[in-house]
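**Student:** Quick one: this structure, given as structure tokens, is what I'll be asking you about.
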Amino acid sequence: MAVSSNLVLFSELLIDLCGTFAYGFIARELIRDRRLIGGHKALRWLAACAALWYLGSLADEIMAVLISGRPWFGSTLDVGRGLSWLAAFSLLVHAAWRMKREQATRPGSPSPLWLVPGYLSLAAFLPPAFAYWRSGSTQLAPFAGDLAIWISLHTSAMLGIATVILLRTYRITEDQTLKRFIRWFLLSLAVIVAVVGVTVQLPLTDTWRLMAQGAGLIPAIVLLIFVQRHTMLRLSVRLTTLRHFVNSVLVVVLIMAAGPFINAGDSDVYRRIVVWSVLLALFGGTAYSATAHAISRRSAALRRFIEPTVRVPELEDLLRSLRSIDLGRDVLQKLVTDRLSQWLGTGARFAEPGPLTDALRTHFERSDEPFCDLVTAPGPIAQQMAETHTHAAFALRIGDRVDDILLIESGVAGGGVRSGEYEMIELALGQLATVIELQDASRARLEAERNSAERERLGTLGMVAASLAHELKNPLSSMKALAQTVHEELQASEQEEQATDLAAIIEQIDSLDQVTREILGFARPAPGDAADLPASVGSAVYILGAEARRRGVVIETDVAPDIGPVHGSPASWQSVIFNLLLNAVRHAPDGSVVSARLFQDTHSRVVFETSNGGPAIDSEVAAHIFEPFVSDGGTGLGLHVVARRAQELGATIKLSNEPDTITFSLTVEPRED
């Protein structure tokens with residue numbers, strides 16, 4: 001008899017523990033993710049009520065063993081779990097009604113009148129429940145026996161109504177997943193009806209209670225099997241929590257099974273040991289995730305022992321962060337390596353140039369494998385990975401090319417990457433590759449649009465320049481003829497100073513005429529053209545002298561005497577030198593010094609250099625100073641024209657942008673005779 005008593009007690013404890021775990025887990029998941037199985041409130045409340053019934057029953061059994069004489073709150077516990085059990089059937093009808101309403105094509109179908117019987121009959125149990133609570137009784141079984149007929153009518157009616165609604169939903173829905181779920185759920189309801197139908201004919205005994213309690217687990221099992229097979233990654237990974245619950249239950253079973261082997265019999269000590277193991281299992285199963293999370297946040301190494309897999313919310317958060325195309329590539333890569341290092345309990349980094357990187361890149365380019373580790377890598381690569389303490393390598397593929405390689409170090413705690421984590425890393429790298437590819441495409445499109453707009457503006461500018469050159473050609477010819485006549489008269493009258501000024505004007509008119517002819521295509525720089533740069537520098541300094549003197553600017557020149565001719569037309573070189581010196585004079589502070597130097601560097605190249613004082617050019621402007629329409633106070637075309645003409649002459653131009661000195665240098669190879 002003692003063995004039978006223990007068997008009943010232990011069976012009830014196991015059934016109630018499993019019911020608490022199963023329905024509690026389902027209720028938690030439905031509350032967290034409302035997309036699961038429709039996710040409406042009735043189904044969430046149904047799971048919660050079932051969990052409360054089993055939890056209340058479990059607490060009742062535990063108190064009966066640990067506390068002699070039920071405490072004062074025993075009646076409150078009985079009322080709470082009893083009403084939860086009855087409410088579950090009314091909520092079952094409500095959940096089925098909501099499910100059909102979501103699938104119905106006709107507005108207002110099904111009618112809310114289907115819900116009235118369930119909630120009215122549930123309300124009818126409130127007065128007896130209140131009377132039981134006021135009586136302070138702690139014996140629920142006799143009280144339930146007095147209401148057995150009404151309880152049977154309530155449960156049978158609710159099961160029948162729910163079945164009718166689910167069958168109608170099955171006929172109208174086109175969702176095959178929902179059809180499978182309804183078939184399985186109706187089968188579980190049929191089993192419950194069969195068990196209750198058989199046991200209701202028996203006396204109210206321990207067997208009746210065990211069968212009724214066990215039958216209540218069937219819908220939970222069906223629902224768990226269904227969601228594991230038919231839902232996405234989110235819930236499937238969370239089922240690791242359910243495995244912790246199952247492990248806790250198995251520990252309790254082992255403790256129960258040990259009783260007969262140690263001849264514990266009906267010992268109160270043995271019963272209390274079993275009950276305490278149930279309490280520990282309940283605490284461990286429900287608090288494991290929170291406790292493990294708190295520990296793992298403080299130690300990456302311990303995390304590998306406590307939580308062998310990555311939590312889904314963490315992975316989802318990383319994927320959301322990687323979707324931002326506003327972050328730079330370096331920031332995104334650091335985000336990936338930091339998170340992986342935290343999750344894996346070891347170092348994660350993108351490979352730097354070296355023999356291992358070259359070997360891995362060649363390996364990944366020759367195969368479509370997303371990763372390799374110490375087990376799957378070819379012999380030579382595996383040896384290099386072992387020498388560098390690398391556990392696994394992953395290819396970051398952008399398009400058809402291997403863009404980078406992610407290396408995972410061999411960790412002391414976890415040994416690197418574990419089974420099931422390879423897919424997680426591939427998912428993160430896939431998201432990273434997608435964002436980098438989008439960023440590259442966006443930059444390429446913006447650059448193409450910018451180049452197209454620049455070409456269009458330059459084309460328009462070229463047309464304007466050609467038109468302007470055409471309009472200037474004839475007036476320049478007239479100005480030159482008049483200036484030559486006046487020059488000859490001044491020379492005849494021995495007015496040398498005015499004659500010199502006029503000679504400079506004629507020289508500039510000749511240069512302008514040559515430039516306009518080149519723009520119009522009438523003349524091109526001939527291969528044999530040669531320019532005398534010292535003469536061009538002297539002419540530019542002479543012409544700009546008057547403007548410099550008006551602002552108190554002094555032009556200091558340093559021209560090496562042995563500078564030979566260079567390739568290019570004199571007009572083109574004079575235009576380049578004049579514009580560089582003009583830029584220096586106009587941007588020099590009043591009363592300062594502008595330096596103009598012409599010399600040969602250590603490689604015998606000819607260098608023309610202008611320097612002026614003043615604050616440094618803004619870094620954003622300096623980075624694009626030779627591009628069109630970029631200005632630090634001018635039109636934005638002068639330096640662009642100089643750079644283009646210097647390129648045509650085979651010269652290079654550079655800017656040195658110091659805080660107190662701005663220097664432009666022009667370098668060209670000397671002409672070889």
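For the structure tokens, the naming scheme is as follows: chains receive sequential letters (A, B, ...) according to their order of presentation, residues are indexed from 1 within each chain, and ligands are indexed from 1 in presentation order.
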Mind the document's chain letters and residue numbers, and return as a PyMOL selection string the residues of segment 560-667 of chain A that DSSP labels strand (DSSP E or B).

**Tutor:** chain A and resi 566-567+593-600+606-613+652-657+661-667

**Student:** Could you give me, as an MDAnalysis selection string, the residues within 12 Å of Ile425 of chain A, counting only C-alpha atoms and dropping anything in the same chain fewer than 2 positions from it?

**Tutor:** chainID A and resid 309:310 315 318:319 336:337 339:341 343:344 348 370:371 392:396 406:408 417:423 427:432

**Student:** Convert the current residue selection to file output with C-alpha atoms, as an mmCIF file, in the first residue's frame.

**Tutor:**
data_model
loop_
_atom_site.group_PDB
_atom_site.id
_atom_site.type_symbol
_atom_site.label_atom_id
_atom_site.label_comp_id
_atom_site.auth_asym_id
_atom_site.auth_seq_id
_atom_site.Cartn_x
_atom_site.Cartn_y
_atom_site.Cartn_z
ATOM 1 C CA THR A 309 24.491 28.523 -28.462
ATOM 2 C CA VAL A 310 23.838 32.151 -29.324
ATOM 3 C CA LEU A 315 21.545 37.495 -33.395
ATOM 4 C CA LEU A 318 23.215 42.162 -34.834
ATOM 5 C CA LEU A 319 21.411 41.616 -38.137
ATOM 6 C CA VAL A 336 30.686 41.773 -36.305
ATOM 7 C CA THR A 337 34.028 40.834 -34.753
ATOM 8 C CA ARG A 339 29.820 40.498 -31.154
ATOM 9 C CA LEU A 340 31.303 37.186 -32.320
ATOM 10 C CA SER A 341 34.159 37.483 -29.829
ATOM 11 C CA TRP A 343 29.374 35.152 -28.125
ATOM 12 C CA LEU A 344 32.075 32.605 -28.908
ATOM 13 C CA ALA A 348 37.292 36.982 -33.953
ATOM 14 C CA PRO A 370 31.749 29.102 -47.006
ATOM 15 C CA PHE A 371 34.211 28.101 -44.285
ATOM 16 C CA ALA A 392 38.037 28.344 -38.270
ATOM 17 C CA ALA A 393 38.049 30.693 -41.263
ATOM 18 C CA PHE A 394 35.030 32.108 -43.106
ATOM 19 C CA ALA A 395 34.950 33.722 -46.550
ATOM 20 C CA LEU A 396 33.283 37.114 -46.899
ATOM 21 C CA LEU A 406 37.098 36.176 -41.028
ATOM 22 C CA LEU A 407 39.298 34.207 -38.609
ATOM 23 C CA ILE A 408 38.062 32.635 -35.363
ATOM 24 C CA VAL A 417 33.190 27.436 -33.172
ATOM 25 C CA ARG A 418 30.753 24.728 -32.111
ATOM 26 C CA SER A 419 28.284 22.732 -34.128
ATOM 27 C CA GLY A 420 25.281 24.875 -34.985
ATOM 28 C CA GLU A 421 27.235 28.130 -34.758
ATOM 29 C CA TYR A 422 28.695 27.928 -38.264
ATOM 30 C CA GLU A 423 25.297 28.803 -39.759
ATOM 31 C CA LEU A 427 24.178 34.472 -41.608
ATOM 32 C CA ALA A 428 25.986 37.457 -40.061
ATOM 33 C CA LEU A 429 28.616 37.514 -42.835
ATOM 34 C CA GLY A 430 25.919 37.221 -45.495
ATOM 35 C CA GLN A 431 24.156 40.278 -44.068
ATOM 36 C CA LEU A 432 27.479 42.139 -43.878
#

**Student:** Looking at A:Met211, A:Ala596, A:Ala377, A:Leu147, which one is nearest to Val8 of chain A, with distances taken over only C-alpha atoms?

**Tutor:** A:Met211

**Student:** Given only C-alpha atoms as the basis, pick out the residue of A:Ser665, A:Asn579, A:Thr169, A:Ser84 nearest to Leu544 of chain A.

**Tutor:** A:Asn579

**Student:** Do you have the atom CA of Phe578 of chain A-atom CA of Ala540 of chain A distance handy?

**Tutor:** 5.1 Å

**Student:** With distances taken over only C-alpha atoms, which of A:Leu55, A:Leu598, A:Ala129, A:Leu217 is nearest to Leu13 of chain A?

**Tutor:** A:Leu55

**Student:** Would you mind telling me which residue in A:Arg455, A:Arg183, A:His391, A:Arg551 lies nearest to Pro219 of chain A when using only C-alpha atoms?

**Tutor:**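 Ranked by minimum distance to Pro219 of chain A, first place goes to A:Arg183.
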
**Student:** Give the answer as one residue: which of A:Gly538, A:Gly347, A:Lys654, A:Leu666 has the shortest atom-to-atom distance to Gln600 of chain A, using only C-alpha atoms?

**Tutor:** A:Leu666

**Student:** Grab the atom CA of Ser135 of chain A to atom CA of Gly56 of chain A distance for me, in Å with one decimal place.

**Tutor:** 19.2 Å

**Student:** Would you work out the distance separating atom CA of Leu639 of chain A from atom CA of Ser592 of chain A, expressed in Å to one decimal?

**Tutor:**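 Going from atom CA of Leu639 of chain A over to atom CA of Ser592 of chain A, I get 21.8 Å.
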
**Student:** Any idea what's packed within 7 Å of Ala548 of chain A, counting only C-alpha atoms, ignoring anything in its chain fewer than 5 positions away? Could you give it as a PyMOL selection string?

**Tutor:** chain A and resi 553-554+585
